[in-house]
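Have a look at my_file-v6.tsv below; it lists TSV, C-alpha atoms.
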```
chain	number	residue	atom	x	y	z
A	1	MET	CA	10.11	-30.05	-3.43
A	2	ARG	CA	10.98	-26.42	-3.82
A	3	ILE	CA	9.97	-23.97	-1.14
A	4	LEU	CA	11.29	-20.47	-0.99
A	5	PHE	CA	11.84	-18.82	2.36
A	6	LEU	CA	11.81	-15.04	2.18
A	7	LEU	CA	11.84	-12.33	4.77
A	8	PRO	CA	9.89	-9.72	2.84
A	9	ALA	CA	10.21	-6.86	5.28
A	10	LEU	CA	13.98	-7.17	5.17
A	11	ILE	CA	14.16	-7.75	1.45
A	12	ILE	CA	12.73	-4.30	0.86
A	13	PHE	CA	16.08	-2.98	2.03
A	14	TYR	CA	17.90	-5.27	-0.39
A	15	GLN	CA	16.30	-3.42	-3.29
A	16	THR	CA	17.76	-0.08	-2.29
A	17	LEU	CA	21.20	1.33	-3.00
A	18	SER	CA	23.95	-1.07	-4.05
A	19	SER	CA	26.65	0.72	-2.00
A	20	GLN	CA	25.94	-1.29	1.14
A	21	VAL	CA	28.35	-3.89	2.50
A	22	LYS	CA	27.31	-7.39	1.46
A	23	THR	CA	28.51	-10.47	3.34
A	24	ASN	CA	27.74	-13.94	2.01
A	25	ILE	CA	27.18	-16.77	4.47
A	26	ASP	CA	26.63	-20.48	3.88
A	27	LEU	CA	23.29	-21.58	5.25
A	28	GLY	CA	23.00	-24.50	2.84
A	29	LYS	CA	22.98	-27.16	5.55
A	30	HIS	CA	19.90	-25.59	7.14
A	31	PHE	CA	17.95	-25.59	3.89
A	32	ASP	CA	19.28	-29.05	2.95
A	33	LYS	CA	18.10	-30.44	6.30
A	34	TYR	CA	14.52	-29.85	5.16
A	35	GLY	CA	15.11	-30.60	1.49
A	36	VAL	CA	14.28	-27.11	0.30
A	37	MET	CA	15.94	-24.48	-1.84
A	38	GLY	CA	15.75	-20.97	-0.54
A	39	CYS	CA	17.49	-17.73	0.16
A	40	PHE	CA	18.06	-15.44	3.11
A	41	VAL	CA	18.64	-11.70	3.41
A	42	LEU	CA	19.23	-9.85	6.66
A	43	TYR	CA	19.83	-6.11	6.75
A	44	ASN	CA	21.73	-4.51	9.63
A	45	GLN	CA	20.64	-0.88	9.46
A	46	THR	CA	23.25	0.31	11.99
A	47	ASP	CA	26.17	-0.96	9.89
A	48	ASN	CA	24.38	-0.63	6.53
A	49	GLU	CA	25.28	-4.27	5.87
A	50	PHE	CA	23.48	-7.17	4.20
A	51	THR	CA	24.06	-10.76	5.20
A	52	LEU	CA	23.10	-12.99	2.27
A	53	TYR	CA	22.65	-16.61	1.34
A	54	ASN	CA	21.81	-17.60	-2.23
A	55	ALA	CA	21.16	-13.94	-3.09
A	56	ASP	CA	20.57	-14.59	-6.81
A	57	LEU	CA	17.50	-16.62	-5.90
A	58	CYS	CA	16.19	-13.73	-3.78
A	59	ASP	CA	16.54	-11.41	-6.78
A	60	SER	CA	14.23	-13.58	-8.89
A	61	GLY	CA	10.92	-12.02	-7.88
A	62	TYR	CA	8.27	-14.21	-6.30
A	63	ILE	CA	4.64	-13.72	-5.47
A	64	PRO	CA	4.42	-12.79	-1.76
A	65	ALA	CA	1.75	-15.41	-0.92
A	66	SER	CA	1.54	-16.03	2.82
A	67	THR	CA	4.40	-13.68	3.63
A	68	PHE	CA	2.00	-10.83	2.84
A	69	LYS	CA	0.09	-11.64	6.04
A	70	ILE	CA	2.63	-9.50	7.90
A	71	PRO	CA	2.06	-6.21	6.02
A	72	ASN	CA	-1.62	-7.12	5.62
A	73	SER	CA	-1.95	-7.35	9.43
A	74	LEU	CA	-0.05	-4.10	9.94
A	75	ILE	CA	-2.30	-2.30	7.45
A	76	ALA	CA	-5.42	-3.59	9.20
A	77	LEU	CA	-4.13	-2.40	12.58
A	78	GLU	CA	-3.02	0.98	11.21
A	79	GLU	CA	-6.38	1.56	9.50
A	80	GLY	CA	-8.29	0.53	12.61
A	81	VAL	CA	-10.02	-2.30	10.77
A	82	ILE	CA	-8.69	-4.47	13.59
A	83	ARG	CA	-8.07	-2.91	17.00
A	84	ASN	CA	-5.68	-5.55	18.33
A	85	THR	CA	-4.45	-9.09	17.72
A	86	ASN	CA	-7.21	-10.59	19.86
A	87	GLN	CA	-10.18	-8.97	18.12
A	88	ILE	CA	-12.58	-11.55	16.70
A	89	ILE	CA	-12.99	-11.67	12.92
A	90	ARG	CA	-16.34	-13.38	12.41
A	91	TRP	CA	-16.51	-16.45	10.18
A	92	ASP	CA	-19.39	-16.23	7.70
A	93	GLY	CA	-20.10	-19.96	7.80
A	94	GLN	CA	-18.64	-20.76	4.39
A	95	VAL	CA	-17.04	-24.19	4.63
A	96	TRP	CA	-13.41	-24.33	3.50
A	97	PRO	CA	-11.22	-27.37	2.78
A	98	ASP	CA	-8.81	-26.22	5.51
A	99	LYS	CA	-10.56	-26.98	8.82
A	100	GLY	CA	-8.60	-24.24	10.62
A	101	TRP	CA	-10.42	-21.68	8.45
A	102	ASN	CA	-13.90	-22.85	9.49
A	103	GLN	CA	-14.17	-20.79	12.65
A	104	ASP	CA	-13.96	-17.24	13.93
A	105	GLN	CA	-10.41	-15.87	13.69
A	106	THR	CA	-8.13	-13.37	15.35
A	107	LEU	CA	-5.02	-11.98	13.68
A	108	ARG	CA	-3.08	-14.57	15.65
A	109	SER	CA	-5.15	-17.53	14.47
A	110	ALA	CA	-5.48	-16.15	10.92
A	111	MET	CA	-1.69	-16.08	10.70
A	112	LYS	CA	-1.35	-19.53	12.29
A	113	TYR	CA	-3.81	-21.13	9.85
A	114	SER	CA	-2.87	-18.90	6.89
A	115	CYS	CA	-6.57	-18.07	6.72
A	116	VAL	CA	-6.98	-16.06	3.52
A	117	TRP	CA	-10.62	-15.06	4.10
A	118	ALA	CA	-9.61	-13.19	7.26
A	119	TYR	CA	-7.38	-10.87	5.22
A	120	VAL	CA	-9.71	-9.65	2.50
A	121	TRP	CA	-11.46	-6.74	4.18
A	122	ILE	CA	-9.23	-3.78	3.47
A	123	ASP	CA	-9.07	-1.56	0.39
A	124	LYS	CA	-6.11	0.77	0.95
A	125	TYR	CA	-3.37	-1.65	-0.06
A	126	TYR	CA	-1.73	0.44	-2.77
A	127	LYS	CA	-1.08	3.38	-0.46
A	128	TYR	CA	0.73	1.10	1.98
A	129	VAL	CA	2.56	-1.05	-0.53
A	130	LYS	CA	3.88	2.16	-2.09
A	131	SER	CA	4.90	3.66	1.28
A	132	PHE	CA	6.58	0.37	2.29
A	133	ASP	CA	8.38	0.37	-1.10
A	134	TYR	CA	7.28	-3.26	-1.12
A	135	GLY	CA	8.17	-5.35	-4.16
A	136	ASN	CA	7.22	-4.18	-7.62
A	137	LYS	CA	4.02	-2.49	-6.32
A	138	ASP	CA	2.00	-4.01	-9.19
A	139	LEU	CA	-1.31	-4.88	-7.54
A	140	LYS	CA	-3.06	-6.02	-10.72
A	141	GLY	CA	-5.21	-9.01	-10.00
A	142	PRO	CA	-8.05	-9.58	-7.59
A	143	LEU	CA	-7.98	-6.92	-4.86
A	144	THR	CA	-8.78	-9.54	-2.24
A	145	ARG	CA	-6.06	-11.94	-3.39
A	146	PHE	CA	-3.40	-9.96	-5.31
A	147	TRP	CA	-0.73	-11.33	-2.99
A	148	LEU	CA	-1.69	-14.88	-4.06
A	149	ALA	CA	-2.44	-14.37	-7.76
A	150	GLY	CA	-1.54	-11.59	-10.16
A	151	SER	CA	1.50	-9.52	-11.06
A	152	PHE	CA	2.66	-8.50	-7.56
A	153	ARG	CA	6.22	-9.69	-6.90
A	154	ILE	CA	8.73	-9.18	-4.11
A	155	SER	CA	12.52	-9.36	-4.28
A	156	GLU	CA	12.79	-8.10	-7.83
A	157	LYS	CA	15.76	-6.00	-8.78
A	158	PRO	CA	14.68	-2.40	-9.35
```
Show me the file's structure as structure tokens.
Amino acid sequence: MRILFLLPALIIFYQTLSSQVKTNIDLGKHFDKYGVMGCFVLYNQTDNEFTLYNADLCDSGYIPASTFKIPNSLIALEEGVIRNTNQIIRWDGQVWPDKGWNQDQTLRSAMKYSCVWAYVWIDKYYKYVKSFDYGNKDLKGPLTRFWLAGSFRISEKP
């Protein structure tokens, strides 16, 4: 089973200038413990230093999928679509295979259950993805699911 763990907000920094200090660490035992292959990037802004594990894998470019819930939530809060993390997002009654989706949501529960339908109500993505300098900024694909299907990729080399 191959699962990739990414920290997208930190990976944005990895795509910037190559003059930063880069320190490799061995986190293999942590990934091996769960039988997954992955990578890790941590940026220390104060020291302008990256701490990396399996960095080549992080440079491959992957669809953001559920990791996009973080910027998606921030965009919703910034745009006032959601006032706070406890605001109710009403379920429309459509029955989903994932039982956790079949109820009203908050940002907290939507993140917990990875509830896609709770994240499809905002239309200003490109402005934010561009200002975040997030991934390849290619939002081709369905506007309400571009982070799950389409050309959008994070962790690509510029």
Practice problem: May I ask which of the residues A:Pro71, A:Gly28, A:Gly100, A:Gly141 is the closest one to Lys127 (chain A), counting all atoms listed in the file? | Solution: A:Pro71
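Rounded to one decimal, CA of Tyr53 (chain A) and CA of Val41 (chain A) lie 6.7 Å from each other.
When CA of Trp117 (chain A) is paired with CA of Asp104 (chain A), their separation reads 10.6 Å.
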Self-check item: Residues within 10 Å of Asn102 (chain A), all atoms listed in the file, excluding chain neighbours under 5 positions, as a PyMOL selection string
Solution: chain A and resi 91-97+115
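Among the candidates A:Asn54, A:Gln87, A:Ser155, A:Thr67, the residue lying nearest to Arg108 (chain A) is A:Gln87 (atoms considered: only C-alpha atoms).
Here CA of Gly150 (chain A) stands at a distance of 16.3 Å from CA of Lys69 (chain A).
Residues surrounding Lys22 (chain A) within 7 Å are Glu49, Phe50 and Thr51 of chain A [only C-alpha atoms; sequence separation below 3 positions excluded].
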Expected axis-aligned box over every listed atom of region 58-72 of chain A, 5 Å added per side, centre plus edges in Å to one decimal, as lines of an AutoDock Vina configuration file:
```
center_x = 7.5
center_y = -11.1
center_z = -0.5
size_x = 28.2
size_y = 19.8
size_z = 26.8
```
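Each of A:Asn24, A:Ser66, A:Ser60, A:Ser73 was compared to Trp147 (chain A) using only C-alpha atoms, and A:Ser66 turns out to be the nearest.
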Quiz item: In terms of the shortest atom-to-atom distance over all atoms listed in the file, which of A:Val129, A:Ile82, A:Cys58, A:Leu148 is closest to Met37 (chain A)?
Solution: A:Cys58
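Selection around (0.7, -4.9, -8.7) with radius 12 Å, counting only C-alpha atoms, yields the residues Ile63, Pro64, Tyr125, Tyr126, Lys127, Val129, Lys130, Tyr134, Gly135, Asn136, Lys137, Asp138, Leu139, Lys140, Gly141, Pro142, Leu143, Arg145, Phe146, Trp147, Leu148, Ala149, Gly150, Ser151, Phe152, Arg153 and Ile154 of chain A.
Proximity to Ala65 (chain A) was assessed for A:Tyr119, A:Ile88, A:Lys124, A:Asp26 counting all atoms listed in the file; the smallest distance is recorded for A:Tyr119.
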Nearby residues (all atoms listed in the file) at most 6 Å from Leu107 (chain A), same-chain spacing under 2 positions excluded, as a tab-separated table (two decimals) with C-alpha atoms, keeping the file's coordinate frame:
```tsv
chain	number	residue	atom	x	y	z
A	85	THR	CA	-4.45	-9.09	17.72
A	109	SER	CA	-5.15	-17.53	14.47
A	110	ALA	CA	-5.48	-16.15	10.92
```
Take region 54-87 of chain A from the preceding structure and save N, CA and C atoms as a PDB file, in the first residue's frame.
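Output file result.pdb follows:
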```pdb
ATOM      1  N   ASN A  54      13.288  11.847   2.170  1.00  0.00           N
ATOM      2  CA  ASN A  54      12.821  11.319   0.889  1.00  0.00           C
ATOM      3  C   ASN A  54      12.362  12.456  -0.034  1.00  0.00           C
ATOM      4  N   ALA A  55      13.183  13.484  -0.128  1.00  0.00           N
ATOM      5  CA  ALA A  55      12.817  14.715  -0.841  1.00  0.00           C
ATOM      6  C   ALA A  55      12.478  14.479  -2.309  1.00  0.00           C
ATOM      7  N   ASP A  56      13.134  13.522  -2.963  1.00  0.00           N
ATOM      8  CA  ASP A  56      12.827  13.268  -4.374  1.00  0.00           C
ATOM      9  C   ASP A  56      11.363  12.897  -4.560  1.00  0.00           C
ATOM     10  N   LEU A  57      10.814  12.158  -3.612  1.00  0.00           N
ATOM     11  CA  LEU A  57       9.406  11.783  -3.698  1.00  0.00           C
ATOM     12  C   LEU A  57       8.521  13.013  -3.578  1.00  0.00           C
ATOM     13  N   CYS A  58       8.908  13.957  -2.719  1.00  0.00           N
ATOM     14  CA  CYS A  58       8.123  15.188  -2.556  1.00  0.00           C
ATOM     15  C   CYS A  58       8.156  16.036  -3.821  1.00  0.00           C
ATOM     16  N   ASP A  59       9.191  15.930  -4.619  1.00  0.00           N
ATOM     17  CA  ASP A  59       9.310  16.711  -5.847  1.00  0.00           C
ATOM     18  C   ASP A  59       8.486  16.139  -6.994  1.00  0.00           C
ATOM     19  N   SER A  60       7.831  15.009  -6.788  1.00  0.00           N
ATOM     20  CA  SER A  60       7.148  14.318  -7.876  1.00  0.00           C
ATOM     21  C   SER A  60       5.888  15.002  -8.358  1.00  0.00           C
ATOM     22  N   GLY A  61       5.188  15.702  -7.528  1.00  0.00           N
ATOM     23  CA  GLY A  61       3.940  16.352  -7.912  1.00  0.00           C
ATOM     24  C   GLY A  61       2.756  15.421  -7.755  1.00  0.00           C
ATOM     25  N   TYR A  62       1.941  15.663  -6.779  1.00  0.00           N
ATOM     26  CA  TYR A  62       0.790  14.829  -6.480  1.00  0.00           C
ATOM     27  C   TYR A  62      -0.453  15.693  -6.366  1.00  0.00           C
ATOM     28  N   ILE A  63      -1.577  15.101  -6.687  1.00  0.00           N
ATOM     29  CA  ILE A  63      -2.839  15.813  -6.523  1.00  0.00           C
ATOM     30  C   ILE A  63      -3.033  16.082  -5.021  1.00  0.00           C
ATOM     31  N   PRO A  64      -3.498  17.262  -4.648  1.00  0.00           N
ATOM     32  CA  PRO A  64      -3.595  17.598  -3.227  1.00  0.00           C
ATOM     33  C   PRO A  64      -4.575  16.738  -2.437  1.00  0.00           C
ATOM     34  N   ALA A  65      -5.666  16.309  -3.069  1.00  0.00           N
ATOM     35  CA  ALA A  65      -6.690  15.489  -2.412  1.00  0.00           C
ATOM     36  C   ALA A  65      -7.093  16.104  -1.072  1.00  0.00           C
ATOM     37  N   SER A  66      -7.132  15.305  -0.041  1.00  0.00           N
ATOM     38  CA  SER A  66      -7.645  15.779   1.252  1.00  0.00           C
ATOM     39  C   SER A  66      -6.777  16.838   1.903  1.00  0.00           C
ATOM     40  N   THR A  67      -5.518  16.952   1.515  1.00  0.00           N
ATOM     41  CA  THR A  67      -4.689  17.994   2.116  1.00  0.00           C
ATOM     42  C   THR A  67      -5.201  19.384   1.750  1.00  0.00           C
ATOM     43  N   PHE A  68      -5.999  19.491   0.673  1.00  0.00           N
ATOM     44  CA  PHE A  68      -6.522  20.783   0.262  1.00  0.00           C
ATOM     45  C   PHE A  68      -7.612  21.289   1.204  1.00  0.00           C
ATOM     46  N   LYS A  69      -8.073  20.452   2.131  1.00  0.00           N
ATOM     47  CA  LYS A  69      -9.063  20.911   3.104  1.00  0.00           C
ATOM     48  C   LYS A  69      -8.521  22.075   3.928  1.00  0.00           C
ATOM     49  N   ILE A  70      -7.221  22.113   4.140  1.00  0.00           N
ATOM     50  CA  ILE A  70      -6.636  23.195   4.947  1.00  0.00           C
ATOM     51  C   ILE A  70      -6.776  24.536   4.230  1.00  0.00           C
ATOM     52  N   PRO A  71      -6.207  24.705   3.007  1.00  0.00           N
ATOM     53  CA  PRO A  71      -6.423  25.994   2.340  1.00  0.00           C
ATOM     54  C   PRO A  71      -7.892  26.237   2.013  1.00  0.00           C
ATOM     55  N   ASN A  72      -8.641  25.188   1.695  1.00  0.00           N
ATOM     56  CA  ASN A  72     -10.057  25.336   1.403  1.00  0.00           C
ATOM     57  C   ASN A  72     -10.781  25.952   2.599  1.00  0.00           C
ATOM     58  N   SER A  73     -10.487  25.485   3.801  1.00  0.00           N
ATOM     59  CA  SER A  73     -11.097  26.032   5.019  1.00  0.00           C
ATOM     60  C   SER A  73     -10.673  27.473   5.248  1.00  0.00           C
ATOM     61  N   LEU A  74      -9.400  27.764   5.027  1.00  0.00           N
ATOM     62  CA  LEU A  74      -8.906  29.134   5.204  1.00  0.00           C
ATOM     63  C   LEU A  74      -9.573  30.095   4.229  1.00  0.00           C
ATOM     64  N   ILE A  75      -9.760  29.660   2.995  1.00  0.00           N
ATOM     65  CA  ILE A  75     -10.420  30.494   1.987  1.00  0.00           C
ATOM     66  C   ILE A  75     -11.858  30.774   2.415  1.00  0.00           C
ATOM     67  N   ALA A  76     -12.555  29.747   2.870  1.00  0.00           N
ATOM     68  CA  ALA A  76     -13.947  29.923   3.296  1.00  0.00           C
ATOM     69  C   ALA A  76     -14.050  30.909   4.459  1.00  0.00           C
ATOM     70  N   LEU A  77     -13.134  30.822   5.401  1.00  0.00           N
ATOM     71  CA  LEU A  77     -13.136  31.747   6.535  1.00  0.00           C
ATOM     72  C   LEU A  77     -12.791  33.163   6.080  1.00  0.00           C
ATOM     73  N   GLU A  78     -11.786  33.291   5.235  1.00  0.00           N
ATOM     74  CA  GLU A  78     -11.367  34.609   4.738  1.00  0.00           C
ATOM     75  C   GLU A  78     -12.480  35.282   3.944  1.00  0.00           C
ATOM     76  N   GLU A  79     -13.188  34.512   3.136  1.00  0.00           N
ATOM     77  CA  GLU A  79     -14.260  35.059   2.296  1.00  0.00           C
ATOM     78  C   GLU A  79     -15.559  35.263   3.069  1.00  0.00           C
ATOM     79  N   GLY A  80     -15.609  34.810   4.310  1.00  0.00           N
ATOM     80  CA  GLY A  80     -16.812  34.960   5.103  1.00  0.00           C
ATOM     81  C   GLY A  80     -17.910  33.972   4.746  1.00  0.00           C
ATOM     82  N   VAL A  81     -17.584  32.978   3.919  1.00  0.00           N
ATOM     83  CA  VAL A  81     -18.549  31.936   3.591  1.00  0.00           C
ATOM     84  C   VAL A  81     -18.882  31.162   4.871  1.00  0.00           C
ATOM     85  N   ILE A  82     -17.890  30.987   5.696  1.00  0.00           N
ATOM     86  CA  ILE A  82     -18.038  30.375   7.015  1.00  0.00           C
ATOM     87  C   ILE A  82     -17.494  31.386   8.026  1.00  0.00           C
ATOM     88  N   ARG A  83     -18.257  31.642   9.065  1.00  0.00           N
ATOM     89  CA  ARG A  83     -17.836  32.632  10.068  1.00  0.00           C
ATOM     90  C   ARG A  83     -16.835  32.072  11.063  1.00  0.00           C
ATOM     91  N   ASN A  84     -16.993  30.787  11.418  1.00  0.00           N
ATOM     92  CA  ASN A  84     -16.091  30.172  12.392  1.00  0.00           C
ATOM     93  C   ASN A  84     -16.160  28.658  12.236  1.00  0.00           C
ATOM     94  N   THR A  85     -15.333  27.955  12.971  1.00  0.00           N
ATOM     95  CA  THR A  85     -15.237  26.498  12.802  1.00  0.00           C
ATOM     96  C   THR A  85     -16.449  25.748  13.353  1.00  0.00           C
ATOM     97  N   ASN A  86     -17.321  26.436  14.053  1.00  0.00           N
ATOM     98  CA  ASN A  86     -18.514  25.783  14.605  1.00  0.00           C
ATOM     99  C   ASN A  86     -19.782  26.064  13.811  1.00  0.00           C
ATOM    100  N   GLN A  87     -19.697  26.901  12.788  1.00  0.00           N
ATOM    101  CA  GLN A  87     -20.883  27.204  11.991  1.00  0.00           C
ATOM    102  C   GLN A  87     -21.386  25.934  11.309  1.00  0.00           C
TER     103      GLN A  87
END
```
